[in-house]
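Heads up, work-v4.txt below (compact mmCIF, C-alpha atoms):
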# COMPACT_ATOMS: atom_id res chain seq x y z
CA MET A 74 22.45 -57.39 29.93
CA LEU A 75 23.66 -53.78 29.93
CA PRO A 76 24.72 -52.31 33.27
CA SER A 77 21.93 -49.72 33.09
CA MET A 78 19.32 -52.48 32.83
CA GLN A 79 20.85 -54.45 35.70
CA THR A 80 20.20 -51.61 38.13
CA GLY A 81 16.83 -50.87 36.57
CA LEU A 82 15.11 -47.49 36.40
CA SER A 83 15.60 -44.78 39.01
CA GLY A 84 18.24 -46.93 40.69
CA ALA A 85 15.83 -49.86 41.41
CA PRO A 86 16.97 -53.48 40.86
CA SER A 87 15.67 -54.92 37.59
CA GLY A 88 13.60 -57.56 39.28
CA SER A 89 12.02 -55.39 41.98
CA PRO A 90 8.34 -54.25 41.96
CA LYS A 91 9.54 -50.66 41.78
CA PHE A 92 11.32 -51.42 38.50
CA PHE A 93 8.16 -52.75 36.79
CA ARG A 94 6.06 -49.90 38.17
CA ASN A 95 8.43 -47.31 36.64
CA LEU A 96 8.50 -49.24 33.36
CA ARG A 97 4.69 -49.20 33.14
CA LEU A 98 4.64 -45.43 33.71
CA ILE A 99 7.12 -44.81 30.90
CA CYS A 100 5.38 -47.07 28.38
CA SER A 101 1.83 -45.88 29.15
CA PRO A 102 -0.06 -43.81 26.45
CA ALA A 103 -0.31 -40.88 28.84
CA ALA A 104 3.48 -40.71 29.09
CA ARG A 105 3.83 -40.60 25.29
CA ARG A 106 1.14 -37.95 24.77
CA PRO A 107 2.73 -34.56 23.95
CA ARG A 108 1.94 -31.64 26.14
CA PRO A 109 -0.34 -28.85 24.81
CA SER A 110 2.56 -26.51 24.14
CA GLU A 111 4.30 -29.24 22.12
CA ARG A 112 1.18 -29.92 20.06
CA ALA A 113 0.85 -26.24 19.26
CA ARG A 114 4.35 -25.74 17.89
CA PRO A 115 3.99 -27.52 14.50
CA ARG A 116 0.61 -25.94 13.95
CA LEU A 117 1.89 -22.45 14.67
CA GLY A 118 4.87 -23.03 12.38
CA ALA A 119 2.57 -24.12 9.54
CA GLU A 120 0.37 -21.09 10.10
CA ARG A 121 3.36 -18.78 9.94
CA SER A 122 4.47 -20.35 6.65
CA LEU A 123 1.01 -20.06 5.12
CA SER A 124 0.69 -16.49 6.38
CA ALA A 125 3.98 -15.59 4.71
CA LEU A 126 2.81 -17.21 1.46
CA LEU A 127 -0.48 -15.29 1.62
CA ALA A 128 1.36 -12.00 2.14
CA LEU A 129 3.55 -12.75 -0.87
CA LEU A 130 0.60 -13.61 -3.08
CA LEU A 131 -1.35 -10.52 -2.05
CA ALA A 132 1.71 -8.37 -2.72
CA VAL A 133 1.83 -9.66 -6.30
CA GLY A 134 -1.84 -8.80 -6.88
CA PRO A 135 -1.55 -5.04 -7.54
CA ALA A 136 1.36 -5.55 -9.93
CA LEU A 137 -0.71 -7.79 -12.16
CA ALA A 138 -3.22 -5.05 -12.97
CA GLU A 139 -1.08 -1.89 -12.99
CA ARG A 140 0.25 -0.74 -16.33
CA ALA A 141 1.13 2.72 -17.64
CA GLU A 142 -2.01 2.81 -19.78
CA ASP A 143 -4.14 1.96 -16.72
CA VAL A 144 -2.91 4.86 -14.57
CA PRO A 145 -5.76 7.40 -14.45
CA ASN A 146 -5.00 10.84 -15.88
CA PRO A 147 -5.75 13.35 -13.06
CA ARG A 148 -6.59 16.15 -15.51
CA VAL A 149 -9.30 14.00 -17.06
CA LEU A 150 -10.41 12.43 -13.79
CA ASP A 151 -10.98 15.54 -11.66
CA GLY A 152 -8.98 18.41 -13.13
CA THR A 153 -6.07 18.03 -10.69
CA TRP A 154 -2.38 17.20 -11.06
CA VAL A 155 -1.83 14.26 -8.68
CA THR A 156 -2.60 10.53 -9.08
CA ASP A 157 -1.96 8.52 -5.90
CA LEU A 158 -3.06 4.92 -6.51
CA PRO A 159 -1.86 3.35 -3.21
CA ALA A 160 -3.01 6.40 -1.17
CA ALA A 161 0.55 6.83 0.11
CA LEU A 162 0.23 10.61 0.57
CA ARG A 163 -1.83 12.47 3.15
CA PRO A 164 -4.86 14.37 1.79
CA ASP A 165 -3.31 17.67 2.88
CA THR A 166 -0.12 16.83 0.94
CA THR A 167 -2.15 16.11 -2.20
CA ARG A 168 -4.01 19.40 -1.78
CA ARG A 169 -0.77 21.37 -1.45
CA LEU A 170 0.76 19.67 -4.49
CA ASN A 171 -2.31 20.44 -6.59
CA LEU A 172 -2.27 24.07 -5.47
CA LEU A 173 1.42 24.42 -6.30
CA ALA A 174 1.02 22.84 -9.74
CA GLU A 175 -2.07 24.91 -10.54
CA THR A 176 -0.29 28.15 -9.56
CA LEU A 177 2.82 27.23 -11.56
CA GLU A 178 0.78 26.44 -14.69
CA ARG A 179 -1.11 29.72 -14.41
CA GLU A 180 2.08 31.79 -13.95
CA THR A 181 4.49 30.03 -16.35
CA THR A 182 2.31 27.66 -18.49
CA ALA A 183 4.60 24.79 -17.35
CA GLU A 184 2.82 21.59 -16.29
CA MET A 185 3.96 19.40 -13.40
CA ALA A 186 2.36 16.11 -12.37
CA VAL A 187 2.87 13.75 -9.44
CA VAL A 188 2.12 10.03 -9.87
CA VAL A 189 2.39 7.39 -7.12
CA ILE A 190 1.96 3.75 -8.18
CA HIS A 191 2.15 0.37 -6.47
CA ASP A 192 4.64 -1.39 -8.73
CA LEU A 193 6.47 -1.07 -12.05
CA GLU A 194 5.42 -4.50 -13.36
CA GLY A 195 9.05 -5.38 -13.91
CA ARG A 196 9.75 -2.42 -16.19
CA SER A 197 12.49 0.10 -15.52
CA ILE A 198 11.21 3.27 -13.93
CA GLU A 199 12.77 5.25 -16.81
CA ASP A 200 10.66 3.46 -19.43
CA PHE A 201 7.52 3.67 -17.31
CA ALA A 202 7.94 7.41 -16.68
CA ASN A 203 8.74 8.23 -20.31
CA ASP A 204 5.78 6.17 -21.55
CA LEU A 205 3.39 7.84 -19.09
CA PHE A 206 4.80 11.34 -19.78
CA ASN A 207 4.33 11.09 -23.55
CA ARG A 208 1.04 9.22 -23.27
CA TRP A 209 -0.46 12.07 -21.26
CA GLY A 210 1.45 14.82 -23.08
CA ILE A 211 2.62 16.71 -19.98
CA GLY A 212 3.61 20.27 -20.85
CA LYS A 213 2.46 22.59 -23.61
CA ARG A 214 2.72 21.46 -27.22
CA GLY A 215 5.83 22.93 -28.85
CA ALA A 216 7.22 24.30 -25.56
CA ASN A 217 7.45 20.78 -24.05
CA ASN A 218 7.66 22.37 -20.60
CA GLY A 219 6.44 19.49 -18.48
CA VAL A 220 7.81 17.67 -15.42
CA LEU A 221 6.71 14.31 -14.01
CA PHE A 222 7.50 13.19 -10.44
CA LEU A 223 7.00 9.40 -10.33
CA TRP A 224 7.22 7.27 -7.16
CA ALA A 225 6.98 3.45 -7.37
CA VAL A 226 6.25 2.43 -3.77
CA GLY A 227 6.75 -1.33 -4.13
CA ASP A 228 10.04 -0.97 -6.02
CA ARG A 229 11.32 1.84 -3.73
CA ARG A 230 12.25 3.94 -6.78
CA VAL A 231 11.70 7.63 -7.58
CA ARG A 232 11.99 9.29 -11.00
CA ILE A 233 11.97 12.91 -12.20
CA GLU A 234 11.12 12.97 -15.93
CA VAL A 235 11.76 16.31 -17.65
CA GLY A 236 10.19 17.63 -20.84
CA THR A 237 12.48 18.44 -23.76
CA GLY A 238 11.94 22.18 -23.39
CA LEU A 239 13.08 22.24 -19.74
CA GLU A 240 16.24 20.14 -20.05
CA GLY A 241 18.34 23.32 -20.07
CA VAL A 242 16.80 24.38 -16.76
CA ILE A 243 16.50 20.97 -15.08
CA SER A 244 19.42 18.96 -16.42
CA ASP A 245 19.98 15.33 -15.49
CA SER A 246 22.51 16.35 -12.83
CA ARG A 247 20.15 18.96 -11.35
CA ALA A 248 17.32 16.47 -11.23
CA GLY A 249 19.65 14.01 -9.51
CA SER A 250 20.69 16.69 -7.03
CA VAL A 251 17.07 17.40 -6.11
CA LEU A 252 16.53 13.70 -5.41
CA ASP A 253 19.79 13.29 -3.46
CA ARG A 254 19.38 16.40 -1.30
CA LEU A 255 15.66 16.68 -0.70
CA VAL A 256 13.81 13.47 -1.58
CA ILE A 257 15.84 10.34 -0.86
CA PRO A 258 17.09 11.37 2.63
CA ARG A 259 13.50 11.98 3.74
CA PHE A 260 12.26 8.76 2.14
CA LYS A 261 14.92 6.80 4.05
CA GLU A 262 13.52 8.35 7.24
CA LYS A 263 9.99 7.35 6.11
CA ARG A 264 9.03 11.05 5.79
CA PHE A 265 7.47 10.44 2.39
CA ASP A 266 5.13 13.45 2.36
CA ASP A 267 8.00 15.81 3.22
CA GLY A 268 10.19 14.27 0.52
CA VAL A 269 7.57 14.67 -2.21
CA LEU A 270 6.66 18.22 -1.14
CA ASP A 271 10.26 19.43 -0.85
CA GLY A 272 11.35 17.84 -4.13
CA PHE A 273 8.29 19.08 -6.02
CA GLY A 274 8.72 22.57 -4.56
CA GLU A 275 12.38 22.72 -5.60
CA LEU A 276 11.49 21.66 -9.15
CA ALA A 277 8.79 24.35 -9.32
CA ALA A 278 11.31 26.95 -8.11
CA LEU A 279 13.77 25.90 -10.83
CA VAL A 280 11.06 26.21 -13.49
CA ARG A 281 10.11 29.68 -12.23
CA GLY A 282 13.65 31.00 -11.88
CA GLY A 283 15.36 29.27 -14.77
CA THR A 284 18.98 28.35 -14.03
CA ARG A 285 19.63 28.42 -10.32
CA GLU A 286 22.83 27.97 -8.32
CA LEU A 287 22.73 24.74 -6.32
CA PRO A 288 25.07 23.59 -3.53
CA ALA A 289 28.51 22.32 -4.51
CA GLU A 290 27.42 18.71 -4.12
CA ALA A 291 25.13 19.17 -7.12
CA ALA A 292 28.15 19.58 -9.37
CA ARG A 293 29.39 16.05 -8.86
CA VAL A 294 29.07 13.59 -11.72
CA TYR A 295 26.29 11.04 -11.26
CA SER A 296 27.16 7.44 -11.93
CA PRO A 297 25.38 5.58 -14.73
CA VAL A 298 24.73 2.88 -12.14
CA GLU A 299 22.53 5.31 -10.21
CA ASP A 300 20.81 6.57 -13.34
CA ALA A 301 19.60 3.24 -14.69
CA PRO A 302 19.49 2.78 -18.49
CA ARG A 303 16.34 3.93 -20.18
CA SER A 304 15.81 0.67 -22.02
CA SER A 305 14.57 -2.40 -20.21
CA SER A 306 15.56 -4.82 -22.97
CA GLY A 307 17.82 -7.48 -21.50
CA SER A 308 17.24 -6.13 -17.98
CA PRO A 309 17.95 -8.85 -15.38
CA LYS A 310 15.21 -7.43 -13.17
CA LEU A 311 12.58 -7.98 -15.85
CA TRP A 312 13.61 -11.61 -16.38
CA VAL A 313 13.72 -12.30 -12.66
CA TRP A 314 10.26 -10.83 -12.27
CA LEU A 315 8.87 -12.85 -15.17
CA VAL A 316 10.31 -16.10 -13.86
CA GLY A 317 8.92 -15.43 -10.40
CA LEU A 318 5.53 -14.46 -11.81
CA ALA A 319 5.33 -17.63 -13.90
CA GLY A 320 5.90 -19.74 -10.81
CA LEU A 321 3.30 -17.93 -8.70
CA LEU A 322 0.63 -17.22 -11.31
CA ALA A 323 -1.29 -20.46 -10.78
CA SER A 324 -1.19 -20.04 -7.02
CA VAL A 325 -2.32 -16.42 -7.23
CA ILE A 326 -5.35 -17.23 -9.38
CA GLY A 327 -6.40 -20.42 -7.60
CA GLY A 328 -5.26 -19.86 -4.05
CA THR A 329 -5.58 -16.22 -2.96
CA LEU A 330 -9.26 -16.33 -2.04
CA GLY A 331 -8.94 -19.76 -0.44
CA LEU A 332 -5.97 -18.72 1.67
CA LYS A 333 -7.72 -15.55 2.74
CA ARG A 334 -10.74 -17.54 3.88
CA TRP A 335 -8.51 -20.07 5.66
CA ARG A 336 -6.62 -17.30 7.42
CA ARG A 337 -9.84 -15.89 8.80
CA TYR A 338 -11.63 -19.11 9.84
CA ARG A 339 -8.70 -21.37 10.73
CA ARG A 340 -8.53 -23.05 14.14
CA ARG A 341 -7.12 -20.78 16.82
CA PHE A 342 -5.66 -21.66 20.21
CA CYS A 343 -5.66 -19.56 23.34
CA PRO A 344 -2.28 -17.84 23.86
CA SER A 345 -2.70 -18.31 27.63
CA CYS A 346 -3.78 -21.93 28.09
CA GLN A 347 -3.48 -23.40 24.55
CA THR A 348 -7.13 -24.48 24.58
CA GLU A 349 -8.98 -24.32 21.26
CA MET A 350 -11.00 -21.11 20.82
CA VAL A 351 -14.42 -20.59 19.23
CA ARG A 352 -15.61 -17.75 17.00
CA LEU A 353 -18.73 -16.11 18.38
CA ALA A 354 -21.80 -15.75 16.19
CA GLU A 355 -22.57 -12.36 14.64
CA ASP A 356 -25.38 -11.58 17.10
CA ALA A 357 -23.24 -12.65 20.08
CA ASP A 358 -20.06 -10.74 19.21
CA ASP A 359 -21.83 -7.35 19.28
CA ALA A 360 -21.81 -7.45 23.08
CA HIS A 361 -18.00 -7.35 23.02
CA LEU A 362 -17.63 -4.52 20.45
CA GLU A 363 -17.41 -0.80 21.12
CA ALA A 364 -20.09 1.53 19.77
CA ALA A 365 -17.99 2.47 16.72
CA GLY A 366 -17.40 -1.19 15.87
CA ARG A 367 -21.10 -2.02 16.09
CA LEU A 368 -21.87 0.93 13.81
CA GLU A 369 -19.24 -0.15 11.26
CA GLU A 370 -20.77 -3.62 11.15
CA ARG A 371 -24.27 -2.18 10.74
CA LEU A 372 -23.09 0.07 7.88
CA GLY A 373 -21.31 -2.86 6.23
CA SER A 374 -17.92 -1.13 6.07
CA VAL A 375 -16.10 -3.45 8.51
CA ASP A 376 -16.69 -7.00 9.74
CA TYR A 377 -15.49 -8.07 13.19
CA ASP A 378 -14.79 -11.56 14.54
CA VAL A 379 -14.65 -12.16 18.29
CA TRP A 380 -12.82 -15.32 19.40
CA GLU A 381 -13.27 -16.77 22.90
CA CYS A 382 -11.34 -19.47 24.76
CA ARG A 383 -13.43 -22.41 25.97
CA GLY A 384 -11.19 -22.84 28.98
CA CYS A 385 -10.12 -19.52 30.50
CA ARG A 386 -12.64 -17.30 28.57
CA HIS A 387 -9.85 -15.17 27.13
CA ARG A 388 -11.14 -13.12 24.15
CA PHE A 389 -9.69 -11.11 21.29
CA THR A 390 -11.24 -9.26 18.32
CA LEU A 391 -10.12 -9.27 14.67
CA ARG A 392 -11.05 -6.51 12.21
CA TYR A 393 -11.75 -7.12 8.49
CA PRO A 394 -12.45 -3.98 6.37
CA ARG A 395 -14.74 -4.74 3.44
CA TRP A 396 -13.63 -3.98 -0.08
CA PHE A 397 -16.89 -2.76 -1.55
CA THR A 398 -18.51 -0.10 0.60
CA SER A 399 -19.64 3.50 0.24
CA TYR A 400 -18.12 4.46 3.59
CA GLY A 401 -14.55 5.64 4.04
CA ARG A 402 -12.23 6.56 6.90
CA CYS A 403 -13.31 9.64 8.85
CA PRO A 404 -10.51 12.28 9.13
CA GLN A 405 -11.74 13.19 12.62
CA CYS A 406 -12.48 9.92 14.47
CA SER A 407 -10.59 7.52 12.11
CA HIS A 408 -13.50 5.06 11.98
CA ARG A 409 -14.82 3.79 8.65
CA THR A 410 -18.11 5.60 9.01
CA CYS A 411 -17.74 8.61 6.69
CA SER A 412 -19.95 8.93 3.62
CA LYS A 413 -19.50 11.22 0.62
CA THR A 414 -22.24 12.53 -1.64
CA GLU A 415 -21.89 14.72 -4.70
CA ALA A 416 -24.44 16.93 -6.42
CA THR A 417 -23.76 18.58 -9.78
CA ILE A 418 -24.27 22.33 -9.75
CA GLU A 419 -23.14 23.00 -13.30
CA ALA A 420 -22.39 20.22 -15.78
CA ALA A 421 -19.11 20.28 -17.71
CA THR A 422 -19.11 20.69 -21.47
CA THR A 423 -16.49 20.50 -24.21
CA THR A 424 -15.95 24.29 -23.90
CA SER A 425 -16.13 24.87 -20.15
CA SER A 426 -15.61 23.07 -16.87
CA GLY A 427 -18.40 22.35 -14.41
CA ARG A 428 -18.96 22.46 -10.66
CA ALA A 429 -20.20 19.95 -8.10
CA ARG A 430 -21.00 20.26 -4.40
CA VAL A 431 -19.34 17.51 -2.33
CA THR A 432 -20.64 16.73 1.16
CA GLU A 433 -18.82 14.50 3.66
CA ASP A 434 -20.57 13.33 6.85
CA CYS A 435 -19.53 10.88 9.55
CA GLU A 436 -22.22 8.64 11.02
CA PHE A 437 -20.29 8.24 14.30
CA CYS A 438 -18.86 11.65 15.20
CA THR A 439 -19.65 15.29 14.39
CA TYR A 440 -17.43 15.52 11.30
CA HIS A 441 -19.05 17.47 8.45
CA ARG A 442 -17.41 19.05 5.44
CA GLN A 443 -18.80 20.64 2.29
CA TYR A 444 -16.84 22.01 -0.62
CA ILE A 445 -17.10 22.74 -4.35
CA ARG A 446 -15.24 20.46 -6.76
CA THR A 447 -14.33 21.54 -10.27
CA ILE A 448 -15.48 19.10 -12.94
CA PRO A 449 -12.93 19.06 -15.79
CA ARG A 450 -13.97 20.05 -19.26
CA ILE A 451 -15.04 17.13 -21.43
CA SER A 452 -12.22 16.25 -23.82
CA SER A 453 -13.18 15.85 -27.44
CA SER A 454 -10.40 13.28 -28.00
CA SER A 455 -9.14 10.27 -26.09
CA SER A 456 -6.89 11.01 -23.13
CA SER A 457 -4.72 8.00 -23.92
CA SER A 458 -3.43 9.23 -27.27
CA GLY A 459 -0.41 11.19 -26.12
CA GLY A 460 -0.77 14.79 -27.33
CA GLY A 461 -4.57 14.57 -27.31
CA SER A 462 -4.72 14.39 -23.51
CA SER A 463 -6.05 17.08 -21.19
CA PHE A 464 -2.46 18.10 -20.55
CA GLY A 465 -1.01 20.50 -23.11
CA GLY A 466 0.50 17.93 -25.49
CA GLY A 467 4.16 18.13 -24.46
CA SER A 468 6.78 15.41 -24.83
CA SER A 469 9.96 14.12 -23.24
CA SER A 470 13.00 12.48 -24.79
CA GLY A 471 13.93 10.75 -21.54
CA GLY A 472 15.78 13.47 -19.64
CA GLY A 473 15.81 13.43 -15.85
CA ALA A 474 17.13 11.25 -13.02
CA SER A 475 16.15 8.19 -10.98
CA ARG A 476 17.07 7.02 -7.52
CA GLY A 477 16.33 4.12 -5.19
CA TYR A 478 16.00 4.22 -1.43
Would you put the structure from the file into structure tokens?
Amino acid sequence: MLPSMQTGLSGAPSGSPKFFRNLRLICSPAARRPRPSERARPRLGAERSLSALLALLLAVGPALAERAEDVPNPRVLDGTWVTDLPAALRPDTTRRLNLLAETLERETTAEMAVVVIHDLEGRSIEDFANDLFNRWGIGKRGANNGVLFLWAVGDRRVRIEVGTGLEGVISDSRAGSVLDRLVIPRFKEKRFDDGVLDGFGELAALVRGGTRELPAEAARVYSPVEDAPRSSSGSPKLWVWLVGLAGLLASVIGGTLGLKRWRRYRRRFCPSCQTEMVRLAEDADDAHLEAAGRLEERLGSVDYDVWECRGCRHRFTLRYPRWFTSYGRCPQCSHRTCSKTEATIEAATTTSSGRARVTEDCEFCTYHRQYIRTIPRISSSSSSSGGGSSFGGGSSSGGGASRGY
């Protein structure tokens, strides 16, 4: 017998009553049962893993549907110059960009557009920008005096694409200087609106004033590594993206909705006492919501879940905005209780633009706004056929610069 067994447990002789009493305590089911905190660890780890997988799958979703031909032309859509698919810019920034582009076109006939997209779908930003530029025909036909400012949010890439007629004014090095001095530093500080406004304003100033002396740093030679090649054939990034997409495609199609439902209705445990929580019924959770939350649920713009601990009665509330709703975020109170209605005052025709009265009202606060929106002239040809777009029919041979941040 081993020495440890001769003395027994807790220093008691192996044949004593105390020895057998300690042995029964150790071997009993209660002694082997893990504590609540131990039971929760594997479950929480699994939930974190599934949450990470869900985030990855949802991130792939926008890239599957976004192609250059699917990006809406702002001139056809509402007569403006900015397309912001992920809503990355503030409304006031979009308004200022549109005003600047409209004024520049009226004074110089040059056309400048800003496009913000989710993802490049594995293409190089140079190919995407050139395809979009020529598809829309930015700039006037013959003069080719167009400029495109493209920002791919998911890829963290920015591109200035310059029409053929402006390459003498905005050379590749000048376009790179604008990005390096005014855009990329602000993007790295997460001041995206400032970066877009400052870069766009500098480009407009160059178009107005022709050649313009820039700081000495603009004279440096830009590396081909920074200005990525304009052809994506053989690009490692494209192949990596395709391989990754092939592996996730089945999971995206079959698992996204299931994982989203699991994430919402999965078992939850109280962070205080580790007791299992229950989700309150719809009629019962209203008592624990604020007035704005109850209104959002009644309007169908947001759904709330209130979870309560069976043991200590600890509660928390989870918010789930609905995808399909006529109510948007109110600029004044920030709740999703703002509706927008539009009434046509004068219909657009193929020879003239129209007008519509837009009214915005919040059901929760006092916010009210009314303004007149210009309805673009109806185009007699398809907007997707390059020079036949509502832009002037310009073209680009691929001049400009690209940067990452």
Rounded to one decimal, what separation in Å do you get between CA of Ile243 in chain A and CA of Phe206 in chain A? 15.9 Å
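Take CA of Val189 in chain A and CA of Arg259 in chain A: the distance between them is 16.2 Å.
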Just give me the gap between CA of Cys403 in chain A and CA of Gln443 in chain A in Å, one decimal is fine.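 Going from CA of Cys403 in chain A over to CA of Gln443 in chain A covers 13.9 Å.
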Of the listed residues A:Leu318, A:Met185, A:Leu270, A:Cys346, that which approaches Val256 in chain A most closely, counting all atoms listed in the file: A:Leu270
When you count only C-alpha atoms, which of these residues is closest to Leu255 in chain A: A:Cys411, A:Cys435, A:Leu276, A:Val220?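 Checking each candidate against Leu255 in chain A, we get A:Leu276 as the closest.
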Find the spatial neighbours of Leu162 in chain A, counting all atoms listed in the file, within a cut-off of 12 Å - ignore same-chain residues fewer than 3 positions away - and output them as a PDB file with C-alpha atoms, in the coordinates of the input.
ATOM      1  CA  VAL A 155      -1.830  14.260  -8.680  1.00  0.00           C
ATOM      2  CA  THR A 156      -2.600  10.530  -9.080  1.00  0.00           C
ATOM      3  CA  ASP A 157      -1.960   8.520  -5.900  1.00  0.00           C
ATOM      4  CA  LEU A 158      -3.060   4.920  -6.510  1.00  0.00           C
ATOM      5  CA  PRO A 159      -1.860   3.350  -3.210  1.00  0.00           C
ATOM      6  CA  ASP A 165      -3.310  17.670   2.880  1.00  0.00           C
ATOM      7  CA  THR A 166      -0.120  16.830   0.940  1.00  0.00           C
ATOM      8  CA  THR A 167      -2.150  16.110  -2.200  1.00  0.00           C
ATOM      9  CA  ARG A 168      -4.010  19.400  -1.780  1.00  0.00           C
ATOM     10  CA  ARG A 169      -0.770  21.370  -1.450  1.00  0.00           C
ATOM     11  CA  LEU A 170       0.760  19.670  -4.490  1.00  0.00           C
ATOM     12  CA  VAL A 187       2.870  13.750  -9.440  1.00  0.00           C
ATOM     13  CA  VAL A 188       2.120  10.030  -9.870  1.00  0.00           C
ATOM     14  CA  VAL A 189       2.390   7.390  -7.120  1.00  0.00           C
ATOM     15  CA  ILE A 190       1.960   3.750  -8.180  1.00  0.00           C
ATOM     16  CA  TRP A 224       7.220   7.270  -7.160  1.00  0.00           C
ATOM     17  CA  VAL A 226       6.250   2.430  -3.770  1.00  0.00           C
ATOM     18  CA  LYS A 263       9.990   7.350   6.110  1.00  0.00           C
ATOM     19  CA  ARG A 264       9.030  11.050   5.790  1.00  0.00           C
ATOM     20  CA  PHE A 265       7.470  10.440   2.390  1.00  0.00           C
ATOM     21  CA  ASP A 266       5.130  13.450   2.360  1.00  0.00           C
ATOM     22  CA  ASP A 267       8.000  15.810   3.220  1.00  0.00           C
ATOM     23  CA  GLY A 268      10.190  14.270   0.520  1.00  0.00           C
ATOM     24  CA  VAL A 269       7.570  14.670  -2.210  1.00  0.00           C
ATOM     25  CA  LEU A 270       6.660  18.220  -1.140  1.00  0.00           C
TER      26      LEU A 270
END
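Distance check against Ala183 in chain A using all atoms listed in the file: of A:Gly215, A:Gly227, A:Gly473, A:Gly427, the minimum falls on A:Gly215.
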Given only C-alpha atoms as the counted atoms, nearest of A:Thr422, A:Thr432, A:Ser399, A:Thr176 to Ile451 in chain A: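 Distance minimum relative to Ile451 in chain A lands on A:Thr422.
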Neighbour list for Glu370 in chain A as a PyMOL selection string, cut-off 10 Å, all atoms listed in the file, skip fewer than 2 positions in-chain: chain A and resi 355+359+362+365-368+372-377+394-395+409-410
Would you list the contacts of Val379 in chain A as number ranges by chain, taking every protein, DNA or RNA residue within 8 Å and counting all atoms listed in the file, but skipping same-chain residues closer than 4 positions in sequence? A: 352-353, 358, 361, 388-391
Close residues, Ala216 in chain A itself excluded, 12 Å, only C-alpha atoms, min 4 positions apart in chain, as a PyMOL selection string: chain A and resi 181-184+210-212+236-240+465-469
Generate a file of the selected residues that holds C-alpha atoms, formatted as a compact mmCIF listing (two decimals), keeping the file's coordinate frame.
# COMPACT_ATOMS: atom_id res chain seq x y z
CA THR A 181 4.49 30.03 -16.35
CA THR A 182 2.31 27.66 -18.49
CA ALA A 183 4.60 24.79 -17.35
CA GLU A 184 2.82 21.59 -16.29
CA GLY A 210 1.45 14.82 -23.08
CA ILE A 211 2.62 16.71 -19.98
CA GLY A 212 3.61 20.27 -20.85
CA GLY A 236 10.19 17.63 -20.84
CA THR A 237 12.48 18.44 -23.76
CA GLY A 238 11.94 22.18 -23.39
CA LEU A 239 13.08 22.24 -19.74
CA GLU A 240 16.24 20.14 -20.05
CA GLY A 465 -1.01 20.50 -23.11
CA GLY A 466 0.50 17.93 -25.49
CA GLY A 467 4.16 18.13 -24.46
CA SER A 468 6.78 15.41 -24.83
CA SER A 469 9.96 14.12 -23.24
Which residue of A:Cys343, A:Ile448, A:Cys438, A:Ala364 approaches Thr153 in chain A most closely, using only C-alpha atoms: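 Closest to Thr153 in chain A of all the choices is A:Ile448.
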